[in-house]
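Student: CSV, C-alpha atoms, file run-v9.csv:
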```csv
chain,number,residue,atom,x,y,z
A,1,MET,CA,1.2,13.1,7.2
A,2,GLY,CA,3.3,14.0,4.2
A,3,THR,CA,4.3,11.7,1.4
A,4,PRO,CA,7.5,9.7,2.4
A,5,VAL,CA,10.7,10.5,0.6
A,6,SER,CA,10.9,6.9,-0.6
A,7,PRO,CA,8.1,4.4,-0.9
A,8,PRO,CA,7.7,1.1,0.9
A,9,VAL,CA,9.9,-1.7,-0.3
A,10,VAL,CA,7.4,-4.5,-0.1
A,11,ASP,CA,5.4,-4.8,-3.3
A,12,GLY,CA,1.9,-4.8,-1.7
A,13,ALA,CA,2.6,-1.7,0.3
A,14,PHE,CA,4.3,-0.1,-2.8
A,15,ALA,CA,1.1,-0.7,-4.8
A,16,ARG,CA,-0.9,1.0,-2.1
A,17,TRP,CA,1.5,3.9,-2.0
A,18,LEU,CA,1.3,4.3,-5.8
A,19,ALA,CA,-2.5,4.2,-5.8
A,20,THR,CA,-2.6,6.7,-3.0
A,21,ARG,CA,-0.3,9.1,-4.7
A,22,ALA,CA,-2.2,8.9,-8.0
A,23,GLY,CA,-5.5,9.3,-6.1
A,24,GLN,CA,-4.4,12.5,-4.4
A,25,LEU,CA,-3.3,13.9,-7.7
A,26,LEU,CA,-6.6,13.1,-9.3
A,27,LEU,CA,-8.6,14.8,-6.5
A,28,GLY,CA,-6.4,17.9,-7.1
A,29,VAL,CA,-7.0,17.8,-10.8
A,30,ARG,CA,-10.8,17.5,-10.2
A,31,ALA,CA,-10.8,20.4,-7.7
A,32,GLU,CA,-8.6,22.7,-9.9
A,33,ARG,CA,-10.3,22.2,-13.2
A,34,GLY,CA,-13.9,21.7,-12.1
A,35,HIS,CA,-16.5,19.9,-14.2
A,36,GLN,CA,-17.4,22.5,-16.9
A,37,ASP,CA,-15.4,20.7,-19.6
A,38,PRO,CA,-15.8,16.9,-18.9
A,39,VAL,CA,-13.8,15.9,-22.0
A,40,ALA,CA,-10.8,18.0,-20.9
A,41,LEU,CA,-11.1,16.8,-17.3
A,42,LYS,CA,-11.0,13.1,-18.4
A,43,ALA,CA,-8.0,13.7,-20.6
A,44,ALA,CA,-6.1,15.5,-17.9
A,45,GLY,CA,-6.9,12.9,-15.3
A,46,ASP,CA,-5.8,10.0,-17.4
A,47,LYS,CA,-2.6,11.6,-18.6
A,48,LEU,CA,-1.4,13.1,-15.3
A,49,SER,CA,-2.1,9.9,-13.3
A,50,HIS,CA,-0.4,7.8,-16.0
A,51,ASP,CA,2.6,10.0,-16.0
A,52,LEU,CA,2.9,10.0,-12.2
A,53,ILE,CA,2.7,6.2,-12.0
A,54,ARG,CA,5.0,5.6,-14.9
A,55,THR,CA,7.6,8.0,-13.4
A,56,GLU,CA,7.5,6.3,-10.0
A,57,LEU,CA,7.7,2.9,-11.5
A,58,ALA,CA,10.7,3.9,-13.6
A,59,ARG,CA,12.4,5.3,-10.5
A,60,TRP,CA,11.6,2.6,-7.9
A,61,ARG,CA,11.0,-0.5,-10.0
A,62,PRO,CA,13.2,0.1,-13.1
A,63,ALA,CA,13.7,-3.6,-13.9
A,64,ASP,CA,10.0,-4.3,-14.1
A,65,ALA,CA,7.8,-4.1,-17.2
A,66,VAL,CA,4.6,-2.1,-17.3
A,67,LEU,CA,1.3,-2.4,-19.1
A,68,SER,CA,-0.9,0.7,-18.6
A,69,GLU,CA,-4.1,1.6,-20.3
A,70,GLU,CA,-2.6,4.9,-21.4
A,71,ASP,CA,0.4,3.3,-23.1
A,72,ASP,CA,0.6,3.7,-26.9
A,73,HIS,CA,-0.8,0.6,-28.6
A,74,ALA,CA,-1.8,-0.9,-25.2
A,75,ARG,CA,-4.8,-2.6,-26.7
A,76,ARG,CA,-2.9,-4.2,-29.6
A,77,ALA,CA,-2.9,-8.0,-29.6
A,78,TRP,CA,0.5,-9.4,-30.5
A,79,VAL,CA,0.5,-12.3,-32.9
A,80,ALA,CA,3.7,-14.3,-33.6
A,81,GLY,CA,5.1,-13.7,-37.0
A,82,ASP,CA,2.7,-10.8,-37.7
A,83,GLY,CA,4.0,-7.2,-37.5
A,84,PRO,CA,6.2,-5.8,-34.8
A,85,ALA,CA,8.3,-7.5,-32.2
A,86,PRO,CA,6.6,-8.8,-29.1
A,87,PRO,CA,6.2,-6.4,-26.2
A,88,ILE,CA,9.0,-6.6,-23.6
A,89,ARG,CA,6.4,-7.5,-20.9
A,90,LEU,CA,5.7,-10.9,-22.4
A,91,ASP,CA,9.2,-12.1,-21.5
A,92,ALA,CA,9.4,-10.2,-18.2
A,93,GLU,CA,9.4,-11.8,-14.8
A,94,ARG,CA,7.4,-9.0,-13.3
A,95,VAL,CA,4.8,-6.7,-14.9
A,96,TRP,CA,2.9,-3.8,-13.3
A,97,ILE,CA,-0.6,-3.7,-14.8
A,98,ILE,CA,-2.0,-0.2,-14.4
A,99,ASP,CA,-5.3,1.7,-15.0
A,100,PRO,CA,-4.4,5.3,-14.0
A,101,LEU,CA,-8.1,6.3,-13.9
A,102,ASP,CA,-10.8,3.6,-14.1
A,103,GLY,CA,-14.2,5.2,-14.6
A,104,THR,CA,-13.4,8.4,-16.4
A,105,ARG,CA,-17.0,9.1,-17.0
A,106,GLU,CA,-17.7,9.1,-13.3
A,107,PHE,CA,-14.5,11.1,-12.6
A,108,ALA,CA,-15.9,13.9,-14.8
A,109,GLU,CA,-19.3,13.9,-13.1
A,110,GLU,CA,-19.5,16.2,-10.1
A,111,GLY,CA,-20.3,14.4,-6.9
A,112,ARG,CA,-19.6,10.9,-8.1
A,113,THR,CA,-17.3,8.7,-6.1
A,114,ASP,CA,-17.4,5.4,-8.1
A,115,TRP,CA,-14.1,5.8,-9.9
A,116,ALA,CA,-10.7,4.3,-9.1
A,117,VAL,CA,-7.0,3.9,-9.6
A,118,HIS,CA,-5.8,0.3,-10.3
A,119,VAL,CA,-2.2,-0.8,-9.5
A,120,ALA,CA,-1.4,-4.5,-9.8
A,121,LEU,CA,1.8,-6.6,-10.1
A,122,TRP,CA,1.8,-9.8,-12.2
A,123,ALA,CA,4.7,-12.1,-11.4
A,124,ARG,CA,5.7,-15.2,-13.4
A,125,ASN,CA,6.5,-17.1,-10.2
A,126,ALA,CA,3.5,-15.9,-8.2
A,127,SER,CA,1.3,-18.5,-6.6
A,128,GLY,CA,-2.4,-18.7,-7.5
A,129,PRO,CA,-4.2,-19.1,-10.8
A,130,HIS,CA,-4.1,-15.4,-11.7
A,131,GLN,CA,-0.4,-14.9,-10.9
A,132,LEU,CA,-1.1,-11.6,-9.3
A,133,ALA,CA,1.5,-10.9,-6.6
A,134,ALA,CA,0.2,-7.6,-5.3
A,135,GLY,CA,-2.5,-5.0,-6.0
A,136,ALA,CA,-4.3,-2.0,-4.7
A,137,ILE,CA,-7.6,-0.3,-5.6
A,138,GLY,CA,-7.5,3.4,-4.9
A,139,LEU,CA,-11.0,5.0,-4.4
A,140,PRO,CA,-9.9,8.6,-4.0
A,141,ALA,CA,-13.3,10.2,-3.7
A,142,GLN,CA,-14.2,7.7,-1.0
A,143,HIS,CA,-11.0,8.4,0.8
A,144,ARG,CA,-9.9,4.8,1.0
A,145,VAL,CA,-7.5,2.3,-0.6
A,146,LEU,CA,-7.9,-1.4,-0.6
A,147,GLY,CA,-4.8,-3.5,-0.9
A,148,THR,CA,-3.3,-6.9,-0.8
A,149,ASP,CA,-0.8,-5.8,1.9
A,150,TYR,CA,-3.7,-5.5,4.4
A,151,PRO,CA,-6.6,-7.4,2.8
A,152,PRO,CA,-10.0,-6.5,4.1
A,153,ALA,CA,-12.0,-9.1,6.0
A,154,TYR,CA,-14.1,-11.6,4.1
A,155,PRO,CA,-17.4,-9.8,3.4
A,156,PRO,CA,-20.7,-10.9,5.0
A,157,MET,CA,-23.8,-11.5,3.0
A,158,THR,CA,-25.5,-8.2,2.2
A,159,LEU,CA,-28.3,-7.2,4.5
A,160,SER,CA,-30.8,-7.7,1.7
A,161,ALA,CA,-29.8,-11.3,1.1
A,162,ALA,CA,-29.4,-12.0,4.8
A,163,THR,CA,-32.9,-10.9,5.6
A,164,GLY,CA,-34.6,-12.9,2.8
A,165,GLY,CA,-34.5,-10.2,0.2
A,166,PRO,CA,-32.9,-10.3,-3.2
A,167,LEU,CA,-29.2,-10.8,-3.9
A,168,ARG,CA,-27.5,-7.6,-5.0
A,169,LEU,CA,-25.3,-7.7,-8.2
A,170,ALA,CA,-23.2,-4.7,-9.3
A,171,ALA,CA,-23.9,-3.8,-12.9
A,172,SER,CA,-22.3,-1.4,-15.4
A,173,ARG,CA,-24.0,2.0,-15.7
A,174,SER,CA,-23.2,2.3,-19.4
A,175,ARG,CA,-22.8,-1.2,-20.8
A,176,PRO,CA,-24.3,-4.0,-18.7
A,177,PRO,CA,-24.1,-7.4,-20.5
A,178,ALA,CA,-27.4,-8.3,-22.3
A,179,PHE,CA,-27.7,-11.6,-20.4
A,180,LEU,CA,-27.4,-10.1,-17.0
A,181,SER,CA,-31.0,-9.1,-16.6
A,182,ALA,CA,-32.0,-12.7,-17.4
A,183,VAL,CA,-29.5,-14.1,-14.9
A,184,ALA,CA,-30.7,-11.7,-12.2
A,185,GLU,CA,-34.4,-12.6,-12.8
A,186,GLU,CA,-33.6,-16.3,-12.6
A,187,ILE,CA,-31.8,-16.1,-9.3
A,188,GLY,CA,-33.9,-13.3,-7.8
A,189,ALA,CA,-31.2,-10.6,-7.8
A,190,GLU,CA,-31.4,-6.9,-7.9
A,191,LEU,CA,-29.0,-5.0,-10.3
A,192,VAL,CA,-27.1,-2.1,-8.7
A,193,PRO,CA,-25.7,0.2,-11.4
A,194,MET,CA,-22.2,1.5,-10.6
A,195,GLY,CA,-19.3,3.2,-12.4
A,196,SER,CA,-15.8,1.7,-12.6
A,197,ALA,CA,-15.0,-2.0,-12.4
A,198,GLY,CA,-12.7,-1.2,-9.4
A,199,ALA,CA,-15.6,0.5,-7.6
A,200,LYS,CA,-17.9,-2.5,-8.4
A,201,ILE,CA,-15.4,-5.1,-7.1
A,202,ALA,CA,-14.7,-2.9,-4.1
A,203,ALA,CA,-18.4,-3.0,-3.4
A,204,VAL,CA,-18.3,-6.8,-3.4
A,205,ILE,CA,-15.2,-6.7,-1.1
A,206,GLY,CA,-17.0,-4.4,1.3
A,207,GLY,CA,-20.3,-6.4,1.4
A,208,ASP,CA,-22.4,-3.7,-0.3
A,209,VAL,CA,-23.3,-6.1,-3.1
A,210,ASP,CA,-23.1,-9.9,-3.3
A,211,GLY,CA,-21.3,-10.1,-6.7
A,212,TYR,CA,-20.2,-8.5,-9.9
A,213,LEU,CA,-20.7,-10.2,-13.3
A,214,HIS,CA,-19.5,-8.7,-16.5
A,215,ALA,CA,-19.0,-9.7,-20.1
A,216,GLY,CA,-17.6,-7.6,-23.0
A,217,GLY,CA,-15.4,-4.5,-23.3
A,218,GLN,CA,-12.7,-5.0,-20.7
A,219,TYR,CA,-8.9,-5.4,-20.7
A,220,GLU,CA,-6.4,-6.7,-18.2
A,221,TRP,CA,-6.0,-3.3,-16.5
A,222,ASP,CA,-9.7,-3.1,-15.8
A,223,SER,CA,-9.6,-6.1,-13.4
A,224,ALA,CA,-6.1,-7.0,-12.4
A,225,ALA,CA,-5.8,-4.9,-9.2
A,226,PRO,CA,-9.4,-5.5,-8.1
A,227,VAL,CA,-9.0,-9.2,-8.6
A,228,ALA,CA,-5.8,-9.2,-6.7
A,229,VAL,CA,-7.4,-7.6,-3.7
A,230,ALA,CA,-10.6,-9.7,-4.0
A,231,THR,CA,-8.7,-13.0,-4.0
A,232,ALA,CA,-6.5,-11.8,-1.1
A,233,THR,CA,-9.8,-11.3,0.7
A,234,GLY,CA,-10.9,-14.8,0.0
A,235,LEU,CA,-13.5,-14.1,-2.7
A,236,HIS,CA,-14.1,-16.1,-5.8
A,237,ALA,CA,-12.8,-14.5,-9.1
A,238,SER,CA,-12.9,-16.2,-12.5
A,239,ARG,CA,-14.0,-15.9,-16.1
A,240,ILE,CA,-17.7,-16.5,-16.6
A,241,ASP,CA,-17.0,-20.0,-17.7
A,242,GLY,CA,-15.3,-20.7,-14.4
A,243,SER,CA,-11.7,-20.7,-15.7
A,244,ALA,CA,-8.9,-18.6,-14.3
A,245,LEU,CA,-8.4,-15.0,-15.2
A,246,LYS,CA,-5.0,-14.8,-17.0
A,247,TYR,CA,-2.9,-11.7,-17.1
A,248,ASN,CA,0.1,-10.5,-19.1
A,249,GLN,CA,-1.1,-12.2,-22.2
A,250,ALA,CA,-0.3,-11.4,-25.9
A,251,ASN,CA,-3.8,-10.2,-26.3
A,252,PRO,CA,-4.6,-7.9,-23.3
A,253,ARG,CA,-8.3,-8.1,-23.9
A,254,LEU,CA,-10.0,-9.9,-20.9
A,255,PRO,CA,-13.6,-9.3,-21.6
A,256,ASP,CA,-15.5,-11.1,-18.8
A,257,LEU,CA,-15.3,-12.0,-15.2
A,258,LEU,CA,-17.2,-13.0,-12.1
A,259,VAL,CA,-16.3,-11.8,-8.6
A,260,CYS,CA,-18.5,-12.9,-5.7
A,261,ARG,CA,-18.6,-14.6,-2.3
A,262,LYS,CA,-17.5,-18.3,-2.7
A,263,ASP,CA,-20.9,-19.6,-1.6
A,264,LEU,CA,-22.5,-17.9,-4.6
A,265,ALA,CA,-20.0,-18.9,-7.3
A,266,ASP,CA,-21.5,-22.2,-8.4
A,267,ARG,CA,-25.0,-20.8,-8.5
A,268,LEU,CA,-24.0,-17.8,-10.6
A,269,LEU,CA,-21.8,-19.7,-13.0
A,270,ALA,CA,-24.6,-22.2,-13.6
A,271,ALA,CA,-27.1,-19.4,-14.3
A,272,VAL,CA,-24.6,-17.8,-16.8
A,273,ARG,CA,-24.3,-21.2,-18.6
A,274,ARG,CA,-28.0,-21.3,-19.0
A,275,HIS,CA,-28.3,-17.8,-20.4
A,276,LEU,CA,-25.1,-17.4,-22.4
A,277,GLN,CA,-23.2,-19.6,-24.9
A,278,VAL,CA,-19.8,-19.6,-23.2
A,279,GLU,CA,-16.9,-20.3,-25.6
```
Represent the supplied structure as structure tokens.

Tutor:
Amino acid sequence: MGTPVSPPVVDGAFARWLATRAGQLLLGVRAERGHQDPVALKAAGDKLSHDLIRTELARWRPADAVLSEEDDHARRAWVAGDGPAPPIRLDAERVWIIDPLDGTREFAEEGRTDWAVHVALWARNASGPHQLAAGAIGLPAQHRVLGTDYPPAYPPMTLSAATGGPLRLAASRSRPPAFLSAVAEEIGAELVPMGSAGAKIAAVIGGDVDGYLHAGGQYEWDSAAPVAVATATGLHASRIDGSALKYNQANPRLPDLLVCRKDLADRLLAAVRRHLQVE
């Protein structure tokens, strides 16, 4: 099937379409450039995916604001009365929150499939604590896209946990939070290293792991699309103090989160409180 001349009108299907288009592009970049120069491959993937998504949003959603990881000054926290004017997105009714390539390290490693494309829509009038109206996680190397337009079924307990073995928690390959090993030991969990945040949350959605717990080093685009899909599936998603994940904020840094089956949320949040001073 070829790419349609025009995308779907409904936001959820449009998010899926965008993630699919960007994923196809990234697979092509990977195949064409190879893995001999990982730095150049990462840079090309980030830029080309960002340009494609930005171009399509400008064409098909021109009235909406955008926050992309690859935007100039994307990480800048805006403070009233200090420096430049506030970003347009802060007064917008609808903001697309984009990570054109989540997991650049994995993207540049031959054979790895744990990288993703994130496309999410924040809307001021959206229901739910996170105000995420639509979202899609593209997993190009796994040949699948998870989206809010057709949310996956609620995941079962992992086979390990269901048969009396340890819970399985997704953990960062490169920067797992220091307290995570202590939490895992307390609740009898096994840590499963993975790449991108999108791939980790997709693993929770698919029932491959029981939860994903992270603190430090993330921004809104790292979690917006995966959280949109996870909550549409019926999973728990929150900050590690149990509060709501808030998007389209003046400071785009959103450093911690917990995504898990609802039956595990209280147990994991309590374990975090015992091992981390949550502000």

Student: Please determine, counting all atoms listed in the file, which residue among A:Tyr247, A:Trp78, A:Tyr212, A:Tyr219 has the shortest atom-to-atom distance to Ala265 (chain A).

Tutor: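 Closest to Ala265 (chain A) of all the choices is A:Tyr212.
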
Student: With all atoms listed in the file as the counted atoms, please give the residues lying no more than 12 Å from Ala161 (chain A), apart from itself and same-chain residues fewer than 4 positions off, as a PyMOL selection string.

Tutor: chain A and resi 156-157+165-169+187-190+207-211+264

Student: Find, counting only C-alpha atoms, the residue in A:Ala126, A:Ala65, A:Ala136, A:Leu41 that gets nearest to Ala22 (chain A).

Tutor: A:Ala136

Student: Excluding same-chain residues fewer than 3 positions from region 143-155 of chain A, what lies within 6 Å of it counting all atoms listed in the file, as a PDB file with C-alpha atoms, in the coordinates of the input?

Tutor:
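Written out: selection26.pdb:
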```pdb
ATOM      1  CA  GLY A  12       1.900  -4.800  -1.700  1.00  0.00           C
ATOM      2  CA  ALA A  13       2.600  -1.700   0.300  1.00  0.00           C
ATOM      3  CA  ALA A 134       0.200  -7.600  -5.300  1.00  0.00           C
ATOM      4  CA  GLY A 135      -2.500  -5.000  -6.000  1.00  0.00           C
ATOM      5  CA  ALA A 136      -4.300  -2.000  -4.700  1.00  0.00           C
ATOM      6  CA  ILE A 137      -7.600  -0.300  -5.600  1.00  0.00           C
ATOM      7  CA  GLY A 138      -7.500   3.400  -4.900  1.00  0.00           C
ATOM      8  CA  LEU A 139     -11.000   5.000  -4.400  1.00  0.00           C
ATOM      9  CA  PRO A 140      -9.900   8.600  -4.000  1.00  0.00           C
ATOM     10  CA  ILE A 205     -15.200  -6.700  -1.100  1.00  0.00           C
ATOM     11  CA  GLY A 206     -17.000  -4.400   1.300  1.00  0.00           C
ATOM     12  CA  GLY A 207     -20.300  -6.400   1.400  1.00  0.00           C
ATOM     13  CA  VAL A 229      -7.400  -7.600  -3.700  1.00  0.00           C
ATOM     14  CA  ALA A 232      -6.500 -11.800  -1.100  1.00  0.00           C
ATOM     15  CA  THR A 233      -9.800 -11.300   0.700  1.00  0.00           C
TER      16      THR A 233
END
```

Student: When distances are computed from all atoms listed in the file, which of A:Gly28, A:Thr231, A:Arg274, A:Leu90 shows the smallest separation from Phe179 (chain A)?

Tutor: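 Closest candidate: A:Arg274.
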
Student: Would you work out the distance separating CA of Glu93 (chain A) from CA of Asp256 (chain A), expressed in Å to one decimal?

Tutor: 25.2 Å

Student: Identify, on the basis of only C-alpha atoms, every residue whose closest approach to region 115-125 of chain A does not exceed 7 Å; exclude the query and any residue fewer than 3 positions from it along the same chain; express the result as number ranges by chain.

Tutor: A: 15, 19, 23, 93-103, 106-107, 131-140, 195-196, 198-199, 224-225

Student: Might you pull out every residue within 10 Å of Arg61 (chain A), with only C-alpha atoms counted and same-chain residues fewer than 2 positions away left off, and present them as a short mmCIF file (atom, residue, chain, number, x, y, z; two decimals) with C-alpha atoms, in the coordinates of the input?

Tutor:
```
data_model
loop_
_atom_site.label_atom_id
_atom_site.label_comp_id
_atom_site.auth_asym_id
_atom_site.auth_seq_id
_atom_site.Cartn_x
_atom_site.Cartn_y
_atom_site.Cartn_z
CA VAL A 9 9.90 -1.70 -0.30
CA ASP A 11 5.40 -4.80 -3.30
CA PHE A 14 4.30 -0.10 -2.80
CA ARG A 54 5.00 5.60 -14.90
CA THR A 55 7.60 8.00 -13.40
CA GLU A 56 7.50 6.30 -10.00
CA LEU A 57 7.70 2.90 -11.50
CA ALA A 58 10.70 3.90 -13.60
CA ARG A 59 12.40 5.30 -10.50
CA ALA A 63 13.70 -3.60 -13.90
CA ASP A 64 10.00 -4.30 -14.10
CA ALA A 65 7.80 -4.10 -17.20
CA VAL A 66 4.60 -2.10 -17.30
CA ARG A 94 7.40 -9.00 -13.30
CA TRP A 96 2.90 -3.80 -13.30
#
```

Student: To one decimal in Å, tell me the separation between CA of Trp60 (chain A) and CA of Arg21 (chain A).

Tutor: 13.9 Å

Student: Nearest to His236 (chain A): which of A:Arg16, A:Arg30, A:Lys262, A:Arg175 is it, counting all atoms listed in the file?

Tutor: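 Of A:Arg16, A:Arg30, A:Lys262, A:Arg175, the one nearest His236 (chain A), counting all atoms listed in the file, is A:Lys262.
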
Student: Please compute the CA of Asn248 (chain A)-CA of Met194 (chain A) distance, one decimal, in Å.

Tutor: 26.7 Å

Student: For Gly216 (chain A), which of A:Ala228, A:Leu191, A:Leu254, A:Ala182 is the closest residue, counting all atoms listed in the file?

Tutor: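 Of A:Ala228, A:Leu191, A:Leu254, A:Ala182, the one nearest Gly216 (chain A), counting all atoms listed in the file, is A:Leu254.
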